[in-house]
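Asks: I am attaching a structure below and will ask some questions about it afterwards.
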Amino acid sequence: IKPVAVYSEADANAPHIKAADQAVCLGAAPVGESYLVAEKILAAAAETDADAIHPGYGFLSENAGFAKAVDAAGLIFVGPPANAITVMGDKAGAKRAMIAAGVPCVPGYQGEDQSDETLLAEAASVGFPLMVKAAAGGGGRGMRLVEDPAKLADAIRLARSEAENAFGSGDLILERAILRPRHVEVQVFADAHGGCVHLGERDCSVQRRHQKVIEEAPCPVMTPALRTEMGAAAVAAAKAVDYRGAGTVEFLLDESGAFYFLEMNTRLQVEHPVTEEITGLDLVALQLNVAMGRPLGMTQDDVTLTGHSIEVRLYAENPDKGFMPSTGPVHLWAEPSGVGVRTDSGIETGGEVSPFYDAMVAKIIATGANRDEARKRLIAALQNTAFIGPKNNRAFLIDALAQDGFAKGEATTAFIAETYGKNGFRMASAGDADYALAAMILFERGRQTAASAALGVADELMNWSSAAPLGSYYVFTVGDETLTVVIRADGDGFAATIGETVIGVSALSVGKTQAYATLGGRRVSAAYVATSDKVHLSLPDRDLTFDIHRPGDSGHAAGGSGRVTAPMHGVLLEVLVTEGEAVAAGQKLAIFEAMKMQHEILATTDGKVTSVVGVAGAQTAAGDLIMEIEGDEA
């Protein structure tokens with residue numbers, strides 16, 4: 001089978017293009033001009049004489065109209081029948097179908113009347129807290145938890161807007177919120193000959209903003225009896241819509257052991273590798289076999305689960321700023337290796353994370369004989385992963401996997417909120433040893449450059465001086481201040497002086513992207529990238545960036561405190577205030593969309609809007625001015 005890759009202009013250098021036999025450009029970066037245009041994908045298939053289209057797990061993968069168009073074009077759609085996508089792609093219709101099939105469902109409203117008045121009225125009978133959800137799509141878009149009835153109208157407005165932008169449909173459903181459940185999903189597979197089995201379950205409870213972060217198989221609290229019951233319900237759900245191919249039936253599992261149908265994803269899941277690891281099955285190969293009309297070739301009794309597998313999603317986002325998406329060039333990408341470790345990535349050194357698509361850049365999976373072995377292998381794998389460029393959640397993932405609650409298998413969907421609280425996760429700041437390492441990297445790189453340009457300098461004369469020991473000075477900007485590190489030769493090693501602190505440095509080795517040193521008697525290793533103005537370090541437990549201070553640097557960001565700027569590349573959806581309007585701290589000023597999520601921009605102080613520059617609907621670069629606010633005087 002020879003794969004043909006499709007790509008947008010923003011993905012012209014993406015790794016998947018190089019992996020394919022052929023590649024066809026679909027158009028400009030926005031999804032509405034490329035990946036969501038069915039006609040362009042069908043034209044690419046015709047141009048390359050393709051026989052089938054695999055829709056992946058995003059964009060048009062759950063679009064019934066696209067599946068029909070593929071069939072009409074005489075091509076094989078590597079997925080379920082269009083009718084199954086239609087039923088299960090509409091959360092309201094799916095819920096009605098599951099109730100009819102006897103599958104347990106969460107109480108709520110899934111009616112066709114979508115007026116705000118009806119939704120507000122129905123919410124009273126559903127009860128609070130409740131979930132407002134987009135009827136189409138998934139991935140946390142168009143979803144809001146509402147605990148206060150007074151905030152329901154606003155949640156409906158935001159969820160509807162987000163759903164329309166993400167899925168082209170603003171229809172919503174309401175469901176009673178089941179607090180602290182586990183999110184457990186069952187992988188099902190069906191062929192065109194009446195065969196249908198489940199391949200066990202995955203626990204995807206660790207989520208943030210309803211997006212999965214850590215997934216594992218099997219579920220830590222699963223019993224054989226519960227697996228049999230939940231698996232049977234998942235198979236019944238698939239058979240109720242004459243399913244074919246790979247699908248996932250998602251359930252909420254409460255503390256009592258009761259479970260409720262959540263939705264069915266009519267595609268391959270992002271987290272399918274953990275199922276592959278414990279079943280020994282290649283799910284994509286199974287998809288292709290089913291699409292070619294072959295039987296599954298297995299019964300339920302043939303499915304066995306061995307060991308434990310855990311996956312984390314590496315996101316380009318800034319944990320220190322509420323996990324806000326981050327974009328930009330990838331200076332260094334180094335995947336981990338080791339026994340039981342697998343990496344599925346979509347980036348490479350020299351590439352770029354664009355603002356147009358999802359923030360996930362890689363999946364790192366570890367498998368072991370038992371859960372704790374898999375967990376420890378995954379932590380080690382993350383510690384040996386280097387992703388230098390956009391801010392990322394690697395340090396957060398390491399911390400989450402090491403938390404006592406996760407280690408004991410007790411994590412529910414409330415895990416992140418309960419573990420990290422309102423202040424969220426904060427990456428450890430740089431210490432003196434970190435600054436010493438950054439300075440030593442610059443020192444050694446400079447020494448190597450000088451040595452390569454010199455003629456016949458003996459090794460024993462390196463760093464030697466007939467006068468007092470020479471000092472090399474490295475100045476870094478830290479916020480509004482500067483910090484100086486002085487490096488001096490000291491016997492067989494060096495001494496790094498930072499203020500009153502002196503750190504001995506020995507066993508220094510600086511390669512192209514990796515540095516090793518013993519600092520104050522402690523062995524340290526780090527991946528690094530050094531540019532003209534920054535040193536980036538990827539340490540085992542965190543990522544740090546050091547700004548190299550240059551003469552004339554002020555240490556201050558451009559603009560005053562009254563400037564409201566775009567937090568990242570994206571689209572400015574709405575501007576909610578006007579010039580001359582008085583605003584209060586915490587008031588919503590604008591709504592911004594980036595990486596398929598909507599973000600509210602809030603006022604940080606009381607004041608008056610003196611100018612509005614941003615235009616609703618415009619593409620906006622990170623740091624672009626949106627408006628200016630003159631703060632009230634104390």
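Simple scheme: letters A, B, ... for chains in structure tokens order, numbers from 1 for residues in each chain, numbers from 1 for ligands in the order shown.
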If you count only C-alpha atoms, which residues fall within 6 Å of stretch 238-251 of chain A, apart from same-chain ones fewer than 2 positions away, as a PyMOL selection string?
Replies: chain A and resi 79-80+84+184-191+234-236+260-268+287
Asks: Next, write the just-selected residues to a file, as a PDB file, in the first residue's frame, keeping C-alpha atoms as the atom set.
Replies:
ATOM      1  CA  GLY A  79     -14.128   4.057   8.421  1.00  0.00           C
ATOM      2  CA  PRO A  80     -17.725   3.257   9.316  1.00  0.00           C
ATOM      3  CA  ALA A  84     -23.286   5.368  11.738  1.00  0.00           C
ATOM      4  CA  VAL A 184     -13.369   4.997  30.533  1.00  0.00           C
ATOM      5  CA  GLU A 185     -13.682   4.130  26.861  1.00  0.00           C
ATOM      6  CA  VAL A 186     -13.995   0.779  25.126  1.00  0.00           C
ATOM      7  CA  GLN A 187     -12.343   0.039  21.783  1.00  0.00           C
ATOM      8  CA  VAL A 188     -14.692  -1.804  19.436  1.00  0.00           C
ATOM      9  CA  PHE A 189     -14.064  -3.346  16.025  1.00  0.00           C
ATOM     10  CA  ALA A 190     -16.667  -4.595  13.571  1.00  0.00           C
ATOM     11  CA  ASP A 191     -16.448  -6.093  10.109  1.00  0.00           C
ATOM     12  CA  ALA A 234     -20.070  -0.998  23.824  1.00  0.00           C
ATOM     13  CA  VAL A 235     -20.672  -3.829  21.351  1.00  0.00           C
ATOM     14  CA  ALA A 236     -24.444  -3.270  21.645  1.00  0.00           C
ATOM     15  CA  TYR A 260     -23.112   5.906  31.574  1.00  0.00           C
ATOM     16  CA  PHE A 261     -22.779   6.313  27.819  1.00  0.00           C
ATOM     17  CA  LEU A 262     -20.993   9.541  26.964  1.00  0.00           C
ATOM     18  CA  GLU A 263     -20.441   9.402  23.193  1.00  0.00           C
ATOM     19  CA  MET A 264     -19.039   7.250  20.421  1.00  0.00           C
ATOM     20  CA  ASN A 265     -16.045   8.341  18.395  1.00  0.00           C
ATOM     21  CA  THR A 266     -16.527   6.902  14.923  1.00  0.00           C
ATOM     22  CA  ARG A 267     -12.834   6.853  14.091  1.00  0.00           C
ATOM     23  CA  LEU A 268      -9.441   5.775  15.322  1.00  0.00           C
ATOM     24  CA  GLN A 287      -8.902  -0.958   9.728  1.00  0.00           C
TER      25      GLN A 287
END
Asks: Considering only C-alpha atoms, return as a ChimeraX atom specification whatever protein or nucleic-acid residues lie within 10 Å of A:Ala217, sequence-local ones (same chain, fewer than 5 positions apart) excluded.
Replies: /A:184-185,200-204,222,271-279,305-311,367,371
Asks: Considering only helix (DSSP H, G or I) as DSSP defines it on the backbone, what residues of stretch 99-143 of chain A qualify? List them as a list of chain:residue names.
Replies: A:Ile99, A:Ala100, A:Ala101, A:Asp116, A:Glu117, A:Thr118, A:Leu119, A:Leu120, A:Ala121, A:Glu122, A:Ala123, A:Ala124, A:Ser125, A:Val126
Asks: Which residues are close to A:Tyr315, i.e. within 10 Å by only C-alpha atoms, leaving aside same-chain residues fewer than 4 positions away? Reply as a ChimeraX atom specification.
Replies: /A:213,319,323,325-326,358-363,390-394,397
Asks: Generate the output file for the selected residues, N, CA, C and O atoms, as a short mmCIF file (atom, residue, chain, number, x, y, z; two decimals), in the first residue's frame.
Replies:
data_model
loop_
_atom_site.label_atom_id
_atom_site.label_comp_id
_atom_site.auth_asym_id
_atom_site.auth_seq_id
_atom_site.Cartn_x
_atom_site.Cartn_y
_atom_site.Cartn_z
N VAL A 213 -5.09 14.14 28.57
CA VAL A 213 -3.67 14.43 28.75
C VAL A 213 -2.88 13.14 28.96
O VAL A 213 -1.81 12.95 28.41
N PRO A 319 2.51 25.90 30.59
CA PRO A 319 1.89 25.58 31.88
C PRO A 319 1.87 26.75 32.84
O PRO A 319 0.99 26.86 33.69
N PHE A 323 -1.69 27.01 30.68
CA PHE A 323 -1.61 26.08 29.55
C PHE A 323 -2.07 26.73 28.25
O PHE A 323 -2.66 26.09 27.38
N PRO A 325 -1.91 27.88 24.56
CA PRO A 325 -1.15 27.33 23.43
C PRO A 325 0.06 28.18 23.08
O PRO A 325 0.04 29.41 23.21
N SER A 326 1.11 27.51 22.63
CA SER A 326 2.36 28.17 22.28
C SER A 326 2.75 27.77 20.86
O SER A 326 2.52 26.64 20.45
N ASP A 358 -4.27 21.83 16.15
CA ASP A 358 -4.25 21.39 17.54
C ASP A 358 -2.84 21.53 18.12
O ASP A 358 -1.84 21.42 17.42
N ALA A 359 -2.78 21.73 19.45
CA ALA A 359 -1.50 21.97 20.12
C ALA A 359 -0.71 20.69 20.39
O ALA A 359 0.44 20.76 20.82
N MET A 360 -1.30 19.50 20.14
CA MET A 360 -0.57 18.26 20.40
C MET A 360 0.51 18.06 19.33
O MET A 360 0.22 18.11 18.14
N VAL A 361 1.75 17.80 19.79
CA VAL A 361 2.85 17.62 18.84
C VAL A 361 3.40 16.19 18.86
O VAL A 361 4.07 15.78 17.92
N ALA A 362 3.15 15.44 19.94
CA ALA A 362 3.66 14.07 20.01
C ALA A 362 2.91 13.29 21.07
O ALA A 362 2.29 13.86 21.98
N LYS A 363 2.98 11.96 20.93
CA LYS A 363 2.47 11.04 21.95
C LYS A 363 3.64 10.15 22.36
O LYS A 363 4.33 9.60 21.51
N PRO A 390 8.70 26.11 21.17
CA PRO A 390 7.51 26.57 21.88
C PRO A 390 7.48 26.02 23.31
O PRO A 390 8.03 24.96 23.59
N LYS A 391 6.84 26.75 24.20
CA LYS A 391 6.65 26.25 25.56
C LYS A 391 5.87 24.94 25.48
O LYS A 391 5.06 24.73 24.56
N ASN A 392 6.10 24.04 26.43
CA ASN A 392 5.44 22.75 26.36
C ASN A 392 5.15 22.20 27.74
O ASN A 392 5.61 22.74 28.76
N ASN A 393 4.39 21.12 27.80
CA ASN A 393 3.89 20.57 29.07
C ASN A 393 4.70 19.37 29.56
O ASN A 393 4.23 18.61 30.40
N ARG A 394 5.92 19.18 29.07
CA ARG A 394 6.71 18.00 29.46
C ARG A 394 6.92 17.93 30.97
O ARG A 394 6.73 16.88 31.60
N LEU A 397 3.79 16.88 32.75
CA LEU A 397 3.48 15.45 32.59
C LEU A 397 4.31 14.62 33.57
O LEU A 397 3.80 13.69 34.20
#
Asks: What's around stretch 437-450 of chain A at 8 Å? Count only C-alpha atoms, leave out sequence neighbours fewer than 3 positions away in its own chain, and write the answer as number ranges by chain.
Replies: A: 433-434, 453-454, 472, 474, 485, 487, 510, 515, 517, 519, 530, 535, 537, 546
Asks: Show which residues sit within 9 Å of A:Phe415, as a ChimeraX atom specification. Count only C-alpha atoms, and ignore same-chain residues fewer than 3 positions away.
Replies: /A:180,205-207,405-406,410-412,418-420
Asks: Please dump the current selection as an mmCIF file, in the first residue's frame; keep N, CA and C atoms.
Replies:
data_model
loop_
_atom_site.group_PDB
_atom_site.id
_atom_site.type_symbol
_atom_site.label_atom_id
_atom_site.label_comp_id
_atom_site.auth_asym_id
_atom_site.auth_seq_id
_atom_site.Cartn_x
_atom_site.Cartn_y
_atom_site.Cartn_z
ATOM 1 N N ARG A 180 -16.306 13.981 39.582
ATOM 2 C CA ARG A 180 -15.256 13.036 39.949
ATOM 3 C C ARG A 180 -15.453 11.632 39.355
ATOM 4 N N SER A 205 -9.010 9.461 32.182
ATOM 5 C CA SER A 205 -9.577 10.376 33.168
ATOM 6 C C SER A 205 -8.779 11.661 33.339
ATOM 7 N N VAL A 206 -7.456 11.606 33.153
ATOM 8 C CA VAL A 206 -6.647 12.799 33.398
ATOM 9 C C VAL A 206 -6.814 13.752 32.218
ATOM 10 N N GLN A 207 -7.629 14.789 32.462
ATOM 11 C CA GLN A 207 -7.998 15.731 31.405
ATOM 12 C C GLN A 207 -7.870 17.158 31.925
ATOM 13 N N GLY A 405 -1.547 10.314 43.942
ATOM 14 C CA GLY A 405 -2.877 9.887 43.508
ATOM 15 C C GLY A 405 -2.844 9.141 42.191
ATOM 16 N N PHE A 406 -2.010 9.607 41.250
ATOM 17 C CA PHE A 406 -1.909 8.897 39.981
ATOM 18 C C PHE A 406 -1.176 7.573 40.163
ATOM 19 N N GLU A 410 -5.677 6.293 41.395
ATOM 20 C CA GLU A 410 -6.900 6.895 41.943
ATOM 21 C C GLU A 410 -7.397 8.090 41.133
ATOM 22 N N ALA A 411 -6.749 8.441 40.039
ATOM 23 C CA ALA A 411 -7.086 9.662 39.299
ATOM 24 C C ALA A 411 -8.473 9.575 38.666
ATOM 25 N N THR A 412 -9.254 10.633 38.859
ATOM 26 C CA THR A 412 -10.546 10.797 38.186
ATOM 27 C C THR A 412 -10.433 12.010 37.268
ATOM 28 N N GLU A 418 -7.954 19.014 41.368
ATOM 29 C CA GLU A 418 -7.766 18.742 42.786
ATOM 30 C C GLU A 418 -6.288 18.718 43.174
ATOM 31 N N THR A 419 -5.438 18.294 42.259
ATOM 32 C CA THR A 419 -4.007 18.186 42.578
ATOM 33 C C THR A 419 -3.312 19.532 42.528
ATOM 34 N N TYR A 420 -3.665 20.346 41.542
ATOM 35 C CA TYR A 420 -2.925 21.589 41.342
ATOM 36 C C TYR A 420 -3.679 22.842 41.755
#
Asks: Show me, as a VMD selection string, the residues that have an atom within 10 Å of A:Ser345 when counting only C-alpha atoms, minus same-chain residues fewer than 2 positions from it.
Replies: chain A and resid 15 to 16 313 to 314 333 335 342 to 343 347 to 348 360 to 364
Asks: Mind checking DSSP for stretch 484-558 of chain A and telling me the strand (DSSP E or B) residues as an MDAnalysis selection string?
Replies: chainID A and resid 484:490 493:498 501:510 514:519 522:530 534:538 543:548
Asks: Restrict the selected residues to C-alpha atoms and save them as a PDB file, in the first residue's frame.
Replies:
ATOM      1  CA  THR A 484      26.318  37.867  36.070  1.00  0.00           C
ATOM      2  CA  VAL A 485      28.165  34.530  35.999  1.00  0.00           C
ATOM      3  CA  VAL A 486      31.968  34.627  36.064  1.00  0.00           C
ATOM      4  CA  ILE A 487      33.824  31.543  34.802  1.00  0.00           C
ATOM      5  CA  ARG A 488      37.446  30.999  35.837  1.00  0.00           C
ATOM      6  CA  ALA A 489      39.816  28.090  35.347  1.00  0.00           C
ATOM      7  CA  ASP A 490      40.355  26.292  38.665  1.00  0.00           C
ATOM      8  CA  GLY A 493      38.125  22.301  36.238  1.00  0.00           C
ATOM      9  CA  PHE A 494      36.409  25.633  36.572  1.00  0.00           C
ATOM     10  CA  ALA A 495      34.703  27.810  39.141  1.00  0.00           C
ATOM     11  CA  ALA A 496      31.432  29.581  38.343  1.00  0.00           C
ATOM     12  CA  THR A 497      30.815  32.603  40.557  1.00  0.00           C
ATOM     13  CA  ILE A 498      27.325  34.077  40.922  1.00  0.00           C
ATOM     14  CA  THR A 501      28.084  31.734  45.448  1.00  0.00           C
ATOM     15  CA  VAL A 502      30.934  29.740  43.926  1.00  0.00           C
ATOM     16  CA  ILE A 503      30.141  26.465  42.146  1.00  0.00           C
ATOM     17  CA  GLY A 504      32.870  24.045  41.157  1.00  0.00           C
ATOM     18  CA  VAL A 505      32.579  22.689  37.624  1.00  0.00           C
ATOM     19  CA  SER A 506      34.312  19.545  36.394  1.00  0.00           C
ATOM     20  CA  ALA A 507      33.902  16.746  33.852  1.00  0.00           C
ATOM     21  CA  LEU A 508      32.502  19.247  31.369  1.00  0.00           C
ATOM     22  CA  SER A 509      31.454  17.961  27.949  1.00  0.00           C
ATOM     23  CA  VAL A 510      29.592  20.148  25.463  1.00  0.00           C
ATOM     24  CA  GLN A 514      23.939  17.836  24.594  1.00  0.00           C
ATOM     25  CA  ALA A 515      25.947  19.035  27.600  1.00  0.00           C
ATOM     26  CA  TYR A 516      27.223  17.173  30.662  1.00  0.00           C
ATOM     27  CA  ALA A 517      28.957  18.562  33.724  1.00  0.00           C
ATOM     28  CA  THR A 518      29.509  17.971  37.420  1.00  0.00           C
ATOM     29  CA  LEU A 519      28.310  21.073  39.242  1.00  0.00           C
ATOM     30  CA  ARG A 522      26.356  16.761  41.280  1.00  0.00           C
ATOM     31  CA  ARG A 523      26.282  15.241  37.791  1.00  0.00           C
ATOM     32  CA  VAL A 524      23.996  17.165  35.424  1.00  0.00           C
ATOM     33  CA  SER A 525      22.971  16.512  31.829  1.00  0.00           C
ATOM     34  CA  ALA A 526      20.897  18.695  29.529  1.00  0.00           C
ATOM     35  CA  ALA A 527      19.952  19.055  25.909  1.00  0.00           C
ATOM     36  CA  TYR A 528      20.532  22.625  24.801  1.00  0.00           C
ATOM     37  CA  VAL A 529      20.258  25.149  22.011  1.00  0.00           C
ATOM     38  CA  ALA A 530      22.334  28.343  22.087  1.00  0.00           C
ATOM     39  CA  LYS A 534      19.330  32.962  24.309  1.00  0.00           C
ATOM     40  CA  VAL A 535      20.400  29.699  25.870  1.00  0.00           C
ATOM     41  CA  HIS A 536      17.666  27.046  26.036  1.00  0.00           C
ATOM     42  CA  LEU A 537      18.161  24.122  28.422  1.00  0.00           C
ATOM     43  CA  SER A 538      16.102  20.946  28.468  1.00  0.00           C
ATOM     44  CA  ASP A 543      12.823  23.462  30.452  1.00  0.00           C
ATOM     45  CA  LEU A 544      14.549  26.813  30.979  1.00  0.00           C
ATOM     46  CA  THR A 545      15.385  29.756  28.730  1.00  0.00           C
ATOM     47  CA  PHE A 546      18.093  32.267  29.620  1.00  0.00           C
ATOM     48  CA  ASP A 547      18.132  35.650  27.892  1.00  0.00           C
ATOM     49  CA  ILE A 548      21.674  36.793  27.163  1.00  0.00           C
TER      50      ILE A 548
END
Asks: Here is a test: counting only C-alpha atoms, which residue of A:Ala134, A:Ile178, A:Ile53, A:Leu36 is nearest to A:Val4?
Replies: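 Looking only at the distances to A:Val4, the closest residue turns out to be A:Ile53.
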Asks: Residues near A:Leu179, anyone? I mean within 9 Å using only C-alpha atoms, not counting same-chain ones fewer than 6 positions away, as a count of residues only.
Replies: 4
Asks: Return the single residue from A:Val37, A:Ala52, A:Ala67, A:Ala153 that is closest to A:Met292, with distances computed using only C-alpha atoms.
Replies: A:Ala52
Asks: Smallest atom-to-atom distance to A:Leu288: which of A:Ile1, A:Ala369, A:Leu75, A:Met324, using only C-alpha atoms?
Replies: A:Ile1
Asks: Which one of A:Val583, A:Val353, A:Ala73, A:Ala64 sits closest to A:Ala50 if you count only C-alpha atoms?
Replies: A:Ala73
